[in-house]
Structure formats: structure tokens, C-alpha cells
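Working notes, structure below.
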Amino acid sequence: MTDPSRSFGGVADAYDRGRPTYPREAAVWLVGVQPTTVLELGAGTGKLTEVLVDLGHDVHATDPDEQMMERLREKLPDVRTSVATAEEIPAPDASYDVVVVAQAFHWFDHDRALPEIARVLKPGGRLALVWNERDERIPWVKRLGRIIGTQEQLRSDEPLVTSPLFGFVEDQEFRHWQVVDRVSIQDLVLSRSNVAVLDEEARAAKLAEVLAFYDEYGRGMDGMQLPLRASCFRAALVEREAAPEAAPAEPVTDDGADPDVLLIDFR
């Protein structure tokens, strides 16, 4: 079966059309308002990248999937991009002020990725994470979640909280809405990793189930407003302690003795 973390390339267009963006205020909280150097890991088709660029940040967007990166390049041709993973970042040491990850940190191998992220951050730099989550306290939203799957609702900030490489983790939540109509709800479903790995027959069945749900709860061409929470986290890089200077070696004196001669005291 296809690795779910690498399943998005085949549905890149649906992902770009169907996935929600991120609130501007969330991006400001994550990265700051003053222009800075940002490395984005798992950038996908550029949902957060667009917001960061609009804020004036210098963004280097990366993603392990070439098809996702190609979609981002079409929208943001001036943004530097690399096809790369979080475990092997194509950047020199201490080169970015902020590393940001939207909707992707849970896919990382954290034992490898977190040291890599720490390596490329400047002293005092920070790691910022965000997940868009449906507000399933509302009954019809919870029912939608049961249909399309909830695995991407399970954020994983715990590896950051427990990492000795980063300090105290701050968190903040920003509420926003995504307008979903009968067409875009199909793209939203197709962009889900659990649906992307299905065969054609199973995907068609899932789409039919979602359309039946929409026809029951939707409002025709007006669509429905899907309530979302942008759950944000940020933590600063722990200051690295300088390695202690080695004590100077004691000078070696040569007394002229032959080291191969055994000295015996006959007293």
C-alpha cells in the first residue's frame, strides 16, 4: 500500500482546490510581522506559503513531493523551492530565523528531523507549527469527520514539547471558516491521505457518501461554512553551550636520554 505521507502528489490539484488556507493573524503569530528568513517544511501546494509571502517574508519552501512543489511554483514562481525532506534539509548551518511547518509535522521522523531543524536555525531562531482542525464540537461537522476520516486531526506537538533542543512551547488558536460547496467538498475529500491511497472503486464510493451528506446538510450553490481552528505552536531554539576550551598541553622537555635504555637505580 502507498505510504500515506507520500500520497498527496497524485491529488495535488484537488489538494490545492479543496484544502483551506491559514488566517493571516495565525501566520503573524507563528513567524512575526517583520520580514524575516523562513524555511517552510512540507509546504505542499503553498497554502501557508502564500500568506507568508504576502506578509513580506523571504520564504524557502520545501516538500518531498515534486508534484506538490510544481503546483506551488505555478502559483508562486518567485519563491525559492526544493524537493527535500525534513530529515535531510538542503541548507547550511544557522541559516534561517524561523522554520515553519503547516499540517505536516506529524509525518516527520522526529528523531532525525528535529536535530536537522535545530541545525539550520540561527541562534535564537524558532520552530513554528500549525494544524487546521475542524471544530467537531458541532454535530454536523463531527458527522463529516466520521465520513472523511479524522487521522489528520490528530496533531502531534508532543515531540516538540519533549525535545531538549527547544525551549518552552507556546500555543495559540485562531478560529476561521472555509466555505465548502458541492464541488469543493469533493476536492477536500480527495485530498485526504486515507482517501488518496484507496483504489478507484473505493474512492468513488467515498465521494458518493460525502455527496449524500452534502445534499442533506448543504445549502445548494451557497455552500456551507466549515468551522476551523488553526492550532499554532512555537518554541525557540535552546542556546547551544560553547564547547570548553582544552587545557594547554604541558611542554615536553628532552633530557637527552635514550627512551629504549632501561634506567636502573643501583643505590
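Residue numbers start at 1 in each chain; chains themselves are named A, B, ... in the order of the C-alpha cells; ligands are numbered from 1 in the order shown.
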Which polymer residues have any atom within 9 Å of an atom of range 104-119 of chain A, counting only C-alpha atoms, with same-chain residues fewer than 3 positions away left out, as a VMD selection string? chain A and resid 4 to 5 41 to 44 85 to 89 92 to 95 99 101 122 125 to 127 129 to 131 152 154 to 157 159 to 160 163 165 to 166 237 to 238
Those residues you just picked out, can you put them in a file as a compact mmCIF listing (two decimals), in the first residue's frame with C-alpha atoms?
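Listed below is the output, result-v4.txt:
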# COMPACT_ATOMS: atom_id res chain seq x y z
CA PRO A 4 0.05 7.87 3.28
CA SER A 5 2.70 10.55 3.87
CA LEU A 41 9.00 22.23 5.54
CA GLY A 42 6.21 20.16 3.99
CA ALA A 43 4.94 23.23 2.14
CA GLY A 44 2.66 21.20 -0.13
CA THR A 85 12.52 16.10 3.40
CA ALA A 86 12.67 17.44 6.94
CA GLU A 87 15.19 14.73 7.77
CA GLU A 88 17.69 15.98 5.17
CA ILE A 89 17.41 19.75 4.76
CA PRO A 92 23.77 25.36 5.66
CA ASP A 93 24.03 25.60 9.42
CA ALA A 94 22.38 28.57 11.16
CA SER A 95 20.78 29.96 8.00
CA VAL A 99 11.34 27.08 10.45
CA VAL A 101 5.54 23.54 9.31
CA LYS A 122 20.11 30.76 13.67
CA GLY A 125 15.57 31.09 15.99
CA ARG A 126 12.33 29.22 16.45
CA LEU A 127 10.29 26.33 15.15
CA LEU A 129 3.87 24.51 13.80
CA VAL A 130 0.25 24.84 12.71
CA TRP A 131 -2.63 22.48 12.03
CA GLU A 152 -5.21 14.31 10.09
CA LEU A 154 -4.52 14.28 15.41
CA ARG A 155 -1.86 16.96 15.80
CA SER A 156 1.49 15.87 17.23
CA ASP A 157 3.16 18.77 19.02
CA PRO A 159 7.76 15.68 20.09
CA LEU A 160 8.47 19.42 20.18
CA SER A 163 12.67 17.91 22.73
CA LEU A 165 16.68 21.17 21.55
CA PHE A 166 13.85 23.66 22.05
CA LEU A 237 15.99 27.03 19.87
CA VAL A 238 17.85 26.33 23.11
Counting only C-alpha atoms, what is within 12 Å of Arg137 in chain A, bar same-chain residues fewer than 3 positions away, as a list in words? Glu133, Arg134, Trp140, Val141, Lys142, Arg143, Leu144, Gly145, Leu226, Pro227, Leu228 and Arg229 of chain A
Which of A:Leu72, A:Val195, A:Ala230, A:Ala204 sits closest to Gln178 in chain A [using only C-alpha atoms]: A:Ala230
Polymer residues at most 6 Å from Arg234 in chain A, only C-alpha atoms, same-chain spacing of 5 or more positions, as an NGL selection string: :A and (127-128 or 169-170)
What does the distance from CA of Arg182 in chain A to CA of Glu209 in chain A come to in Å, to one decimal? 12.3 Å
What is the CA of Pro20 in chain A-CA of Leu121 in chain A distance in Å, reported with one decimal? 28.1 Å
For Phe174 in chain A, which residue among A:Ser193, A:Gln186, A:Gln103, A:Ser231 is the nearest when counting only C-alpha atoms? A:Ser231
Using DSSP on the backbone coordinates, identify the residues of range 153-206 of chain A assigned to strand (DSSP E or B); present them as number ranges by chain. A: 166, 170-180
Enumerate as a VMD selection string all residues of range 23-155 of chain A assigned to helix (DSSP H, G or I) by DSSP on the backbone, naming them with the chain letters and numbers the document uses. chain A and resid 24 to 31 47 to 54 66 to 75 105 to 107 110 to 120 139 to 148 151 to 153
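Residue nearest Thr162 in chain A, chosen from A:Arg80, A:Ala61, A:Ala235, A:Tyr15 and counting only C-alpha atoms: A:Ala235.
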Calculate how many Å separate CA of Ile148 in chain A from CA of Leu190 in chain A, rounding to one decimal. 9.2 Å
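The shortest atom-to-atom distance to Tyr22 in chain A, with only C-alpha atoms taken into account, belongs to A:Glu173 out of A:Glu216, A:Glu173, A:Glu70, A:Asp199.
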Near-Gln225 in chain A list (7 Å; only C-alpha atoms; drop same-chain fewer than 3 positions) as a list of chain:residue names: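 Here the qualifying residues turn out to be A:Trp177, A:Gln178, A:Val179, A:Val180.
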